[in-house]
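Listing of model.cif; format and content: mmCIF, C-alpha atoms; chains and numbers go by the auth columns.
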data_query
loop_
_atom_site.group_PDB
_atom_site.id
_atom_site.type_symbol
_atom_site.label_atom_id
_atom_site.label_comp_id
_atom_site.label_asym_id
_atom_site.label_seq_id
_atom_site.Cartn_x
_atom_site.Cartn_y
_atom_site.Cartn_z
_atom_site.B_iso_or_equiv
_atom_site.auth_seq_id
_atom_site.auth_asym_id
ATOM 1 C CA TRP A 1 -70.765 -24.342 -66.113 0.00 41 A
ATOM 2 C CA SER A 2 -67.167 -23.260 -65.970 0.00 42 A
ATOM 3 C CA LEU A 3 -64.404 -24.024 -63.507 0.00 43 A
ATOM 4 C CA LEU A 4 -60.987 -22.412 -62.972 0.00 44 A
ATOM 5 C CA LEU A 5 -58.249 -23.850 -60.759 0.00 45 A
ATOM 6 C CA SER A 6 -55.055 -21.847 -60.386 0.00 46 A
ATOM 7 C CA HIS A 7 -51.873 -22.502 -58.411 0.00 47 A
ATOM 8 C CA ALA A 8 -48.557 -20.725 -57.795 0.00 48 A
ATOM 9 C CA PHE A 9 -45.895 -23.448 -57.561 0.00 49 A
ATOM 10 C CA GLY A 10 -43.060 -21.190 -56.412 0.00 50 A
ATOM 11 C CA GLY A 11 -39.930 -20.116 -58.252 0.00 51 A
ATOM 12 C CA GLY A 12 -42.054 -17.956 -60.540 0.00 52 A
ATOM 13 C CA TRP A 13 -44.083 -20.909 -61.898 0.00 53 A
ATOM 14 C CA ARG A 14 -47.884 -20.637 -62.161 0.00 54 A
ATOM 15 C CA GLY A 15 -50.364 -23.066 -63.627 0.00 55 A
ATOM 16 C CA SER A 16 -54.084 -23.237 -64.241 0.00 56 A
ATOM 17 C CA LEU A 17 -56.741 -25.655 -65.419 0.00 57 A
ATOM 18 C CA ALA A 18 -60.055 -24.439 -66.837 0.00 58 A
ATOM 19 C CA GLY A 19 -63.093 -26.536 -67.694 0.00 59 A
ATOM 20 C CA TYR A 20 -66.205 -25.536 -69.650 0.00 60 A
ATOM 21 C CA TYR A 21 -69.508 -27.317 -70.241 0.00 61 A
ATOM 22 C CA THR A 22 -72.637 -26.324 -72.144 0.00 62 A
ATOM 23 C CA LYS A 23 -75.734 -28.503 -72.180 0.00 63 A
ATOM 24 C CA PRO A 24 -77.348 -29.529 -75.496 0.00 64 A
ATOM 25 C CA LEU A 25 -79.183 -26.680 -77.194 0.00 65 A
ATOM 26 C CA GLU A 26 -80.866 -25.615 -80.413 0.00 66 A
ATOM 27 C CA THR A 27 -79.640 -22.540 -82.300 0.00 67 A
ATOM 28 C CA LEU A 28 -81.979 -19.787 -83.476 0.00 68 A
ATOM 29 C CA GLY A 29 -81.747 -21.355 -86.926 0.00 69 A
ATOM 30 C CA GLY A 30 -83.098 -24.631 -85.549 0.00 70 A
ATOM 31 C CA HIS A 31 -79.818 -26.577 -85.614 0.00 71 A
ATOM 32 C CA PRO A 32 -79.398 -28.971 -82.682 0.00 72 A
ATOM 33 C CA VAL A 33 -76.032 -28.708 -80.929 0.00 73 A
ATOM 34 C CA PRO A 34 -74.907 -31.545 -78.646 0.00 74 A
ATOM 35 C CA ALA A 35 -73.495 -30.967 -75.165 0.00 75 A
ATOM 36 C CA TYR A 36 -70.106 -29.272 -75.319 0.00 76 A
ATOM 37 C CA ARG A 37 -67.165 -29.582 -72.947 0.00 77 A
ATOM 38 C CA ARG A 38 -63.567 -28.431 -73.077 0.00 78 A
ATOM 39 C CA TRP A 39 -60.486 -28.421 -70.827 0.00 79 A
ATOM 40 C CA ASP A 40 -57.720 -25.828 -71.126 0.00 80 A
ATOM 41 C CA MET A 41 -54.337 -25.767 -69.366 0.00 81 A
ATOM 42 C CA ARG A 42 -51.786 -23.004 -68.859 0.00 82 A
ATOM 43 C CA LEU A 43 -48.250 -23.071 -67.472 0.00 83 A
ATOM 44 C CA GLY A 44 -46.214 -19.891 -67.137 0.00 84 A
ATOM 45 C CA ARG A 45 -43.006 -18.707 -65.513 0.00 85 A
ATOM 46 C CA GLU A 46 -42.332 -15.165 -64.385 0.00 86 A
ATOM 47 C CA PHE A 47 -38.747 -13.885 -64.492 0.00 87 A
ATOM 48 C CA ARG A 48 -36.660 -10.711 -64.691 0.00 88 A
ATOM 49 C CA PHE A 49 -35.051 -9.650 -67.975 0.00 89 A
ATOM 50 C CA ALA A 50 -32.890 -6.539 -68.377 0.00 90 A
ATOM 51 C CA GLY A 51 -34.297 -5.159 -65.122 0.00 91 A
ATOM 52 C CA HIS A 52 -37.935 -5.675 -66.122 0.00 92 A
ATOM 53 C CA ASP A 53 -40.592 -8.231 -65.177 0.00 93 A
ATOM 54 C CA ALA A 54 -41.389 -10.799 -67.861 0.00 94 A
ATOM 55 C CA GLU A 55 -43.326 -14.023 -68.316 0.00 95 A
ATOM 56 C CA ALA A 56 -43.213 -16.930 -70.751 0.00 96 A
ATOM 57 C CA ALA A 57 -46.305 -19.146 -70.945 0.00 97 A
ATOM 58 C CA LEU A 58 -47.721 -22.122 -72.808 0.00 98 A
ATOM 59 C CA VAL A 59 -51.486 -22.646 -73.203 0.00 99 A
ATOM 60 C CA VAL A 60 -53.191 -25.811 -74.436 0.00 100 A
ATOM 61 C CA GLN A 61 -56.850 -25.361 -75.383 0.00 101 A
ATOM 62 C CA ASN A 62 -59.099 -28.424 -75.686 0.00 102 A
ATOM 63 C CA ALA A 63 -56.378 -30.492 -74.002 0.00 103 A
ATOM 64 C CA ASP A 64 -58.491 -33.662 -73.969 0.00 104 A
ATOM 65 C CA ARG A 65 -59.278 -33.413 -77.715 0.00 105 A
ATOM 66 C CA SER A 66 -63.002 -33.698 -77.109 0.00 106 A
ATOM 67 C CA HIS A 67 -63.781 -32.836 -80.794 0.00 107 A
ATOM 68 C CA ASP A 68 -66.971 -31.141 -79.743 0.00 108 A
ATOM 69 C CA ARG A 69 -68.819 -28.527 -81.759 0.00 109 A
ATOM 70 C CA GLU A 70 -69.418 -24.921 -80.768 0.00 110 A
ATOM 71 C CA PHE A 71 -72.903 -23.625 -81.635 0.00 111 A
ATOM 72 C CA TYR A 72 -72.849 -24.722 -85.299 0.00 112 A
ATOM 73 C CA ARG A 73 -72.361 -28.313 -86.389 0.00 113 A
ATOM 74 C CA ASP A 74 -69.529 -27.286 -88.774 0.00 114 A
ATOM 75 C CA ASN A 75 -67.638 -25.303 -86.120 0.00 115 A
ATOM 76 C CA ALA A 76 -65.338 -28.004 -84.724 0.00 116 A
ATOM 77 C CA PHE A 77 -62.923 -26.924 -82.013 0.00 117 A
ATOM 78 C CA GLY A 78 -59.702 -28.934 -82.159 0.00 118 A
ATOM 79 C CA ARG A 79 -56.655 -28.785 -79.915 0.00 119 A
ATOM 80 C CA ARG A 80 -54.726 -25.500 -79.996 0.00 120 A
ATOM 81 C CA ILE A 81 -51.309 -24.848 -78.461 0.00 121 A
ATOM 82 C CA LEU A 82 -50.275 -21.239 -77.937 0.00 122 A
ATOM 83 C CA ALA A 83 -47.085 -19.679 -76.564 0.00 123 A
ATOM 84 C CA SER A 84 -46.767 -16.162 -75.221 0.00 124 A
ATOM 85 C CA LEU A 85 -43.982 -13.902 -74.017 0.00 125 A
ATOM 86 C CA ARG A 86 -44.698 -10.787 -71.962 0.00 126 A
ATOM 87 C CA PHE A 87 -42.306 -7.949 -71.061 0.00 127 A
ATOM 88 C CA ASP A 88 -43.325 -5.202 -68.625 0.00 128 A
ATOM 89 C CA PHE A 89 -41.608 -1.856 -69.132 0.00 129 A
#
So, in terms of structure tokens, how does the structure I just supplied come out?
Amino acid sequence: WSLLLSHAFGGGWRGSLAGYYTKPLETLGGHPVPAYRRWDMRLGREFRFAGHDAEAALVVQNADRSHDREFYRDNAFGRRILASLRFDF
């Protein structure tokens, strides 16, 4: 399953929370993969810069540090923090 919650807080601020879950499975190569879950968060602020729309945002993937594996037992997905800056022109 997947879940996405999004909210506009006002003043140009927007936030979201996304959750993902995959039940246990076995790959085509026969490797068992345990259940997988992950929570991501995003906070962004829209603003005007030099007469153009812009946005700065911060994204945290795997916010709860679940240390789960994706599809292969050696493919560990740790916490990632990303920043972005967008300018519309």
Might you pull out every residue within 7 Å of His47 (chain A), with all atoms listed in the file counted and same-chain residues fewer than 6 positions away left off, and present them as a PyMOL selection string? chain A and resi 54-56
Between CA of Thr67 (chain A) and CA of Ser106 (chain A), what is the spacing in Å?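 Separating CA of Ser106 (chain A) from CA of Thr67 (chain A) is a distance of 20.7 Å.
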Check which residues satisfy the PyMOL selection byres ((chain A and resi 60) around 6) in the file shown, then give them as a PDB file with C-alpha atoms, in the coordinates of the input.
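The result, stored in selection-v5.pdb:
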ATOM      1  CA  TRP A  41     -70.765 -24.342 -66.113  1.00  0.00           C
ATOM      2  CA  SER A  42     -67.167 -23.260 -65.970  1.00  0.00           C
ATOM      3  CA  GLY A  59     -63.093 -26.536 -67.694  1.00  0.00           C
ATOM      4  CA  TYR A  61     -69.508 -27.317 -70.241  1.00  0.00           C
ATOM      5  CA  ARG A  77     -67.165 -29.582 -72.947  1.00  0.00           C
ATOM      6  CA  ARG A  78     -63.567 -28.431 -73.077  1.00  0.00           C
TER       7      ARG A  78
END
As lines of an AutoDock Vina configuration file, please: the centre and edge lengths in Å, to one decimal, of an axis-aligned box enclosing every listed atom of region 63-80 of chain A with 4 Å added on each side.
center_x = -70.4
center_y = -25.7
center_z = -78.9
size_x = 33.4
size_y = 19.8
size_z = 24.1
For region 96-103 of chain A, list every protein, DNA or RNA residue within 10 Å, evaluated using only C-alpha atoms, and leave out those in the same chain fewer than 6 positions away; present the list as JSON, numbers by chain. {"A": [53, 54, 55, 56, 57, 58, 59, 60, 77, 78, 79, 80, 81, 82, 83, 84, 85, 86, 87, 117, 118, 119, 120, 121, 122, 123, 124, 125, 126, 127]}
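For the atom pair formed by CA of Leu43 (chain A) and CA of Pro74 (chain A), the distance is 19.9 Å, given to one decimal.
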For Ala90 (chain A): contacts at 12 Å, all atoms listed in the file, fewer than 4 positions along chain excluded, given as a ChimeraX atom specification: /A:94,127-129
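Here CA of Arg105 (chain A) and CA of Ala48 (chain A) stand 25.9 Å from one another.
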